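Text of the file coords11.pdb, holding PDB, C-alpha atoms, pLDDT in the B column:
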ATOM      1  CA  MET A  21      90.525   9.838 -17.476  1.00 53.00           C
ATOM      2  CA  ASN A  22      88.235  10.787 -20.322  1.00 73.00           C
ATOM      3  CA  LYS A  23      90.462  10.072 -23.249  1.00 95.00           C
ATOM      4  CA  THR A  24      89.323   9.271 -26.751  1.00 97.00           C
ATOM      5  CA  VAL A  25      91.049   7.202 -29.405  1.00 98.00           C
ATOM      6  CA  ILE A  26      90.119   7.138 -33.072  1.00 98.00           C
ATOM      7  CA  ILE A  27      90.684   3.781 -34.749  1.00 98.00           C
ATOM      8  CA  GLN A  28      91.291   4.582 -38.419  1.00 98.00           C
ATOM      9  CA  ALA A  29      90.353   1.495 -40.412  1.00 98.00           C
ATOM     10  CA  SER A  30      91.040   2.078 -44.080  1.00 98.00           C
ATOM     11  CA  ALA A  31      93.009   0.167 -46.685  1.00 95.00           C
ATOM     12  CA  ARG A  32      94.835   3.478 -47.327  1.00 96.00           C
ATOM     13  CA  SER A  33      96.577   5.262 -44.467  1.00 97.00           C
ATOM     14  CA  LYS A  34      96.447   8.601 -46.313  1.00 97.00           C
ATOM     15  CA  GLY A  35      93.107   8.309 -48.107  1.00 96.00           C
ATOM     16  CA  ASP A  36      89.729   9.969 -47.629  1.00 97.00           C
ATOM     17  CA  THR A  37      89.184   8.378 -44.208  1.00 98.00           C
ATOM     18  CA  ASN A  38      92.411  10.017 -43.052  1.00 98.00           C
ATOM     19  CA  ILE A  39      91.147  13.371 -44.349  1.00 98.00           C
ATOM     20  CA  ILE A  40      88.027  12.892 -42.214  1.00 98.00           C
ATOM     21  CA  VAL A  41      90.038  11.751 -39.176  1.00 98.00           C
ATOM     22  CA  ASN A  42      92.364  14.746 -39.461  1.00 98.00           C
ATOM     23  CA  GLU A  43      89.400  17.122 -39.577  1.00 98.00           C
ATOM     24  CA  LEU A  44      87.729  15.391 -36.631  1.00 98.00           C
ATOM     25  CA  ASN A  45      91.006  15.657 -34.721  1.00 97.00           C
ATOM     26  CA  LYS A  46      91.957  19.162 -35.893  1.00 96.00           C
ATOM     27  CA  HIS A  47      92.367  20.321 -32.285  1.00 94.00           C
ATOM     28  CA  GLN A  48      94.594  17.308 -31.521  1.00 94.00           C
ATOM     29  CA  ASN A  49      92.318  16.246 -28.639  1.00 93.00           C
ATOM     30  CA  PHE A  50      92.310  12.572 -29.620  1.00 97.00           C
ATOM     31  CA  ASP A  51      94.883   9.887 -30.206  1.00 97.00           C
ATOM     32  CA  VAL A  52      94.721   8.032 -33.518  1.00 98.00           C
ATOM     33  CA  ILE A  53      95.598   4.403 -34.225  1.00 98.00           C
ATOM     34  CA  ASP A  54      95.894   3.408 -37.881  1.00 98.00           C
ATOM     35  CA  LEU A  55      94.848  -0.250 -38.157  1.00 98.00           C
ATOM     36  CA  LYS A  56      96.642  -0.445 -41.516  1.00 98.00           C
ATOM     37  CA  THR A  57      99.938  -0.291 -39.593  1.00 98.00           C
ATOM     38  CA  LYS A  58      98.980  -3.187 -37.309  1.00 98.00           C
ATOM     39  CA  ASN A  59      99.138  -6.917 -37.890  1.00 97.00           C
ATOM     40  CA  VAL A  60      95.663  -8.095 -36.910  1.00 97.00           C
ATOM     41  CA  GLY A  61      94.851 -11.537 -38.253  1.00 95.00           C
ATOM     42  CA  HIS A  62      91.429 -12.986 -38.817  1.00 95.00           C
ATOM     43  CA  PHE A  63      89.552 -14.743 -36.032  1.00 94.00           C
ATOM     44  CA  GLU A  64      90.654 -18.337 -35.517  1.00 93.00           C
ATOM     45  CA  TYR A  65      88.699 -20.768 -33.359  1.00 92.00           C
ATOM     46  CA  ASP A  66      91.952 -22.137 -31.943  1.00 92.00           C
ATOM     47  CA  PHE A  67      93.206 -18.593 -31.190  1.00 91.00           C
ATOM     48  CA  SER A  68      96.286 -19.276 -33.295  1.00 92.00           C
ATOM     49  CA  ASN A  69      96.622 -15.523 -33.954  1.00 91.00           C
ATOM     50  CA  ALA A  70      97.249 -14.785 -30.273  1.00 89.00           C
ATOM     51  CA  ASP A  71     100.750 -13.512 -31.063  1.00 94.00           C
ATOM     52  CA  ASP A  72      99.710 -10.801 -33.524  1.00 97.00           C
ATOM     53  CA  ASP A  73      99.056  -7.148 -32.634  1.00 98.00           C
ATOM     54  CA  PHE A  74      95.397  -7.514 -31.599  1.00 97.00           C
ATOM     55  CA  LEU A  75      95.727  -8.369 -27.902  1.00 96.00           C
ATOM     56  CA  PRO A  76      98.498  -5.839 -27.147  1.00 97.00           C
ATOM     57  CA  LEU A  77      96.482  -3.219 -29.029  1.00 98.00           C
ATOM     58  CA  MET A  78      93.350  -4.008 -27.017  1.00 97.00           C
ATOM     59  CA  GLU A  79      95.333  -3.932 -23.770  1.00 97.00           C
ATOM     60  CA  GLU A  80      96.589  -0.454 -24.722  1.00 97.00           C
ATOM     61  CA  ILE A  81      93.117   0.771 -25.727  1.00 98.00           C
ATOM     62  CA  ILE A  82      91.398  -0.590 -22.629  1.00 97.00           C
ATOM     63  CA  ALA A  83      94.061   0.772 -20.273  1.00 97.00           C
ATOM     64  CA  ASN A  84      94.228   4.258 -21.760  1.00 97.00           C
ATOM     65  CA  TYR A  85      90.882   5.248 -23.259  1.00 97.00           C
ATOM     66  CA  ASP A  86      87.266   5.697 -22.229  1.00 97.00           C
ATOM     67  CA  THR A  87      85.924   6.333 -25.719  1.00 98.00           C
ATOM     68  CA  ILE A  88      86.691   4.391 -28.894  1.00 98.00           C
ATOM     69  CA  VAL A  89      85.714   5.962 -32.219  1.00 98.00           C
ATOM     70  CA  PHE A  90      85.835   3.760 -35.294  1.00 98.00           C
ATOM     71  CA  ALA A  91      86.535   5.629 -38.544  1.00 98.00           C
ATOM     72  CA  THR A  92      85.762   3.537 -41.596  1.00 98.00           C
ATOM     73  CA  PRO A  93      85.213   3.983 -45.280  1.00 98.00           C
ATOM     74  CA  ILE A  94      82.216   2.192 -46.712  1.00 97.00           C
ATOM     75  CA  TYR A  95      83.293  -0.700 -48.930  1.00 94.00           C
ATOM     76  CA  TRP A  96      80.498  -2.599 -50.661  1.00 92.00           C
ATOM     77  CA  TYR A  97      77.873  -1.313 -48.200  1.00 94.00           C
ATOM     78  CA  ASN A  98      79.931  -2.491 -45.197  1.00 96.00           C
ATOM     79  CA  MET A  99      82.677  -1.407 -42.861  1.00 97.00           C
ATOM     80  CA  SER A 100      86.163  -1.881 -44.265  1.00 98.00           C
ATOM     81  CA  GLY A 101      87.618  -5.383 -44.328  1.00 96.00           C
ATOM     82  CA  ILE A 102      90.385  -4.392 -41.940  1.00 97.00           C
ATOM     83  CA  LEU A 103      87.777  -3.207 -39.433  1.00 98.00           C
ATOM     84  CA  LYS A 104      85.650  -6.328 -39.933  1.00 97.00           C
ATOM     85  CA  ALA A 105      88.675  -8.477 -39.072  1.00 97.00           C
ATOM     86  CA  PHE A 106      89.227  -6.324 -35.968  1.00 97.00           C
ATOM     87  CA  PHE A 107      85.567  -6.700 -34.940  1.00 96.00           C
ATOM     88  CA  ASP A 108      85.725 -10.470 -35.491  1.00 95.00           C
ATOM     89  CA  ARG A 109      88.736 -10.599 -33.195  1.00 96.00           C
ATOM     90  CA  LEU A 110      86.646  -9.118 -30.389  1.00 94.00           C
ATOM     91  CA  SER A 111      85.547 -12.743 -30.031  1.00 90.00           C
ATOM     92  CA  ASP A 112      88.982 -13.387 -28.505  1.00 91.00           C
ATOM     93  CA  LEU A 113      87.878 -11.134 -25.650  1.00 92.00           C
ATOM     94  CA  LEU A 114      84.736 -13.185 -25.109  1.00 89.00           C
ATOM     95  CA  HIS A 115      86.436 -16.572 -24.966  1.00 88.00           C
ATOM     96  CA  TYR A 116      90.216 -16.558 -24.771  1.00 85.00           C
ATOM     97  CA  LYS A 117      90.770 -13.300 -22.836  1.00 92.00           C
ATOM     98  CA  LYS A 118      87.498 -12.783 -20.952  1.00 92.00           C
ATOM     99  CA  GLU A 119      89.044 -10.709 -18.162  1.00 94.00           C
ATOM    100  CA  LEU A 120      90.320  -8.207 -20.723  1.00 94.00           C
ATOM    101  CA  GLY A 121      87.008  -8.136 -22.566  1.00 94.00           C
ATOM    102  CA  ARG A 122      85.055  -7.425 -19.373  1.00 95.00           C
ATOM    103  CA  GLN A 123      87.035  -4.201 -19.017  1.00 96.00           C
ATOM    104  CA  LEU A 124      85.215  -2.789 -22.051  1.00 97.00           C
ATOM    105  CA  ARG A 125      82.037  -2.544 -19.975  1.00 97.00           C
ATOM    106  CA  GLY A 126      81.084   1.051 -19.345  1.00 97.00           C
ATOM    107  CA  LYS A 127      83.399   2.448 -22.013  1.00 98.00           C
ATOM    108  CA  ASN A 128      82.011   4.435 -24.959  1.00 98.00           C
ATOM    109  CA  MET A 129      81.890   3.597 -28.650  1.00 98.00           C
ATOM    110  CA  ALA A 130      81.074   5.763 -31.658  1.00 98.00           C
ATOM    111  CA  MET A 131      81.517   5.500 -35.428  1.00 98.00           C
ATOM    112  CA  ILE A 132      82.203   7.885 -38.293  1.00 98.00           C
ATOM    113  CA  SER A 133      81.915   6.616 -41.857  1.00 98.00           C
ATOM    114  CA  ASN A 134      82.763   8.093 -45.213  1.00 97.00           C
ATOM    115  CA  ASN A 135      82.583   7.537 -48.940  1.00 95.00           C
ATOM    116  CA  ASN A 136      82.134   9.732 -52.009  1.00 92.00           C
ATOM    117  CA  TYR A 137      78.453  10.561 -51.536  1.00 93.00           C
ATOM    118  CA  ASP A 138      75.856  11.254 -48.883  1.00 94.00           C
ATOM    119  CA  ASP A 139      74.260   7.876 -49.406  1.00 91.00           C
ATOM    120  CA  ILE A 140      74.830   5.669 -46.373  1.00 93.00           C
ATOM    121  CA  LYS A 141      72.421   2.743 -46.389  1.00 93.00           C
ATOM    122  CA  GLU A 142      69.977   2.105 -43.574  1.00 93.00           C
ATOM    123  CA  GLY A 143      71.379  -0.386 -41.115  1.00 96.00           C
ATOM    124  CA  PHE A 144      75.065   0.413 -41.681  1.00 97.00           C
ATOM    125  CA  SER A 145      75.549   1.353 -38.025  1.00 97.00           C
ATOM    126  CA  MET A 146      73.810  -1.775 -36.681  1.00 97.00           C
ATOM    127  CA  PRO A 147      77.006  -3.861 -36.149  1.00 97.00           C
ATOM    128  CA  PHE A 148      78.515  -1.012 -34.137  1.00 98.00           C
ATOM    129  CA  LYS A 149      75.413  -0.441 -32.003  1.00 98.00           C
ATOM    130  CA  GLU A 150      74.841  -4.133 -31.368  1.00 97.00           C
ATOM    131  CA  SER A 151      78.511  -4.834 -30.628  1.00 97.00           C
ATOM    132  CA  ALA A 152      78.577  -1.990 -28.108  1.00 97.00           C
ATOM    133  CA  ASN A 153      75.408  -3.343 -26.532  1.00 97.00           C
ATOM    134  CA  TYR A 154      76.761  -6.893 -26.365  1.00 95.00           C
ATOM    135  CA  LEU A 155      80.038  -5.735 -24.821  1.00 96.00           C
ATOM    136  CA  GLY A 156      78.303  -3.534 -22.238  1.00 97.00           C
ATOM    137  CA  MET A 157      79.558  -0.338 -23.842  1.00 98.00           C
ATOM    138  CA  ASN A 158      77.676   2.931 -24.305  1.00 98.00           C
ATOM    139  CA  TYR A 159      76.994   3.716 -27.955  1.00 98.00           C
ATOM    140  CA  LEU A 160      77.356   7.484 -28.321  1.00 98.00           C
ATOM    141  CA  GLY A 161      76.243   7.656 -31.938  1.00 98.00           C
ATOM    142  CA  ASP A 162      77.546   7.915 -35.461  1.00 98.00           C
ATOM    143  CA  THR A 163      77.704  10.154 -38.465  1.00 98.00           C
ATOM    144  CA  HIS A 164      78.380   9.811 -42.159  1.00 98.00           C
ATOM    145  CA  THR A 165      80.685  12.054 -44.152  1.00 98.00           C
ATOM    146  CA  TRP A 166      81.942  12.263 -47.702  1.00 98.00           C
ATOM    147  CA  VAL A 167      84.864  13.646 -49.603  1.00 96.00           C
ATOM    148  CA  GLU A 168      84.643  15.005 -53.148  1.00 94.00           C
ATOM    149  CA  ASN A 169      87.891  15.463 -55.074  1.00 93.00           C
ATOM    150  CA  GLY A 170      89.929  15.437 -51.881  1.00 93.00           C
ATOM    151  CA  VAL A 171      87.718  18.006 -50.118  1.00 96.00           C
ATOM    152  CA  ILE A 172      85.198  17.369 -47.342  1.00 98.00           C
ATOM    153  CA  HIS A 173      81.714  18.452 -48.435  1.00 97.00           C
ATOM    154  CA  PRO A 174      80.413  21.466 -46.407  1.00 97.00           C
ATOM    155  CA  THR A 175      77.446  19.480 -45.065  1.00 98.00           C
ATOM    156  CA  ALA A 176      79.833  16.749 -43.961  1.00 98.00           C
ATOM    157  CA  MET A 177      82.001  19.384 -42.227  1.00 98.00           C
ATOM    158  CA  THR A 178      78.979  20.412 -40.163  1.00 98.00           C
ATOM    159  CA  ARG A 179      78.353  16.766 -39.257  1.00 98.00           C
ATOM    160  CA  ILE A 180      81.988  16.360 -38.190  1.00 98.00           C
ATOM    161  CA  ASP A 181      81.744  19.416 -35.929  1.00 97.00           C
ATOM    162  CA  THR A 182      78.575  18.054 -34.309  1.00 97.00           C
ATOM    163  CA  PHE A 183      80.109  14.572 -33.957  1.00 98.00           C
ATOM    164  CA  ARG A 184      83.273  16.009 -32.349  1.00 97.00           C
ATOM    165  CA  LYS A 185      81.154  17.532 -29.574  1.00 95.00           C
ATOM    166  CA  LEU A 186      79.404  14.184 -29.086  1.00 95.00           C
ATOM    167  CA  ILE A 187      82.610  12.237 -28.476  1.00 95.00           C
ATOM    168  CA  GLN A 188      84.498  14.724 -26.297  1.00 88.00           C
TER     169      GLN A 188
END
Structure translated into structure tokens:
Amino acid sequence: MNKTVIIQASARSKGDTNIIVNELNKHQNFDVIDLKTKNVGHFEYDFSNADDDFLPLMEEIIANYDTIVFATPIYWYNMSGILKAFFDRLSDLLHYKKELGRQLRGKNMAMISNNNYDDIKEGFSMPFKESANYLGMNYLGDTHTWVENGVIHPTAMTRIDTFRKLIQ
């Protein structure tokens, strides 16, 4: 198995991040999960969100994929809120569901970001790199893209093509 899943993490299912994801997946080589369609609650110390979609989603991802690509817009210099909640819930896999979390070891992680300009701030990828490191995952890399008036900028298209080769 060398399957890749793209986790689309935008507040809009059909926004600019989806344009980027569709271009990245233009050959239909990857599965896509839209976090907007999932019920993933915030981290709770008492694990009171254990019945939401997070654990079944992680079970599906861990069982079926070797590479996880996070696709996020940049909101206020950070990953999207929906993705931050997802990342916070990884704590469930370190405490409440350790055996599931250990199965992330050796898997791959990558990240593709987007906004309206080629102006990603230094350090944006740090939470992804450090989370992969902490979880024993291989961080394959990241790239930044941008969409202008509904169209991917030509330089961003080149980055997407290069990134696609990285995650295959």
Within 10 Å of Ile94 of chain A using all atoms listed in the file, minus same-chain residues under 6 positions, as an mmCIF file with C-alpha atoms, in the coordinates of the input:
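Result file is selection.cif:
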data_model
loop_
_atom_site.group_PDB
_atom_site.id
_atom_site.type_symbol
_atom_site.label_atom_id
_atom_site.label_comp_id
_atom_site.auth_asym_id
_atom_site.auth_seq_id
_atom_site.Cartn_x
_atom_site.Cartn_y
_atom_site.Cartn_z
ATOM 1 C CA SER A 30 91.040 2.078 -44.080
ATOM 2 C CA THR A 37 89.184 8.378 -44.208
ATOM 3 C CA SER A 100 86.163 -1.881 -44.265
ATOM 4 C CA GLY A 101 87.618 -5.383 -44.328
ATOM 5 C CA SER A 133 81.915 6.616 -41.857
ATOM 6 C CA ASN A 134 82.763 8.093 -45.213
ATOM 7 C CA ASN A 135 82.583 7.537 -48.940
ATOM 8 C CA ASN A 136 82.134 9.732 -52.009
ATOM 9 C CA ILE A 140 74.830 5.669 -46.373
ATOM 10 C CA LYS A 141 72.421 2.743 -46.389
ATOM 11 C CA PHE A 144 75.065 0.413 -41.681
ATOM 12 C CA HIS A 164 78.380 9.811 -42.159
#
How would you write, as a count of residues only, the residues chosen by the PyMOL selection byres ((chain A and resi 167) around 12) on this structure? 28
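Here the question is which of A:Thr182, A:Asn42, A:Thr92, A:Asn49 gets nearest to Gly161 of chain A using only C-alpha atoms, and that residue is A:Thr182.
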Looking at A:Phe50, A:Trp96, A:Phe107, A:Tyr154, which one is nearest to His62 of chain A, with distances taken over all atoms listed in the file? A:Phe107
I need the residue set behind the PyMOL selection byres ((chain A and resi 153) around 12) for this file; please write it as number ranges by chain. A: 124-130, 146-152, 154-160
Applied to this file, what does the PyMOL selection byres ((chain A and resi 28) around 9) return in terms of residues, put as a PyMOL selection string? chain A and resi 26-27+29-30+33+37-38+41+52-56+89-92+103
Just the number, please: distance in Å from atom CA of Glu80 of chain A to atom CA of Lys46 of chain A, one decimal. 23.0 Å
Mind pulling up the distance from atom CA of Asp162 of chain A to atom CA of Arg179 of chain A?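 A separation of 9.7 Å between them.
Separating atom CA of Pro76 of chain A from atom CA of Leu120 of chain A is a distance of 10.7 Å.
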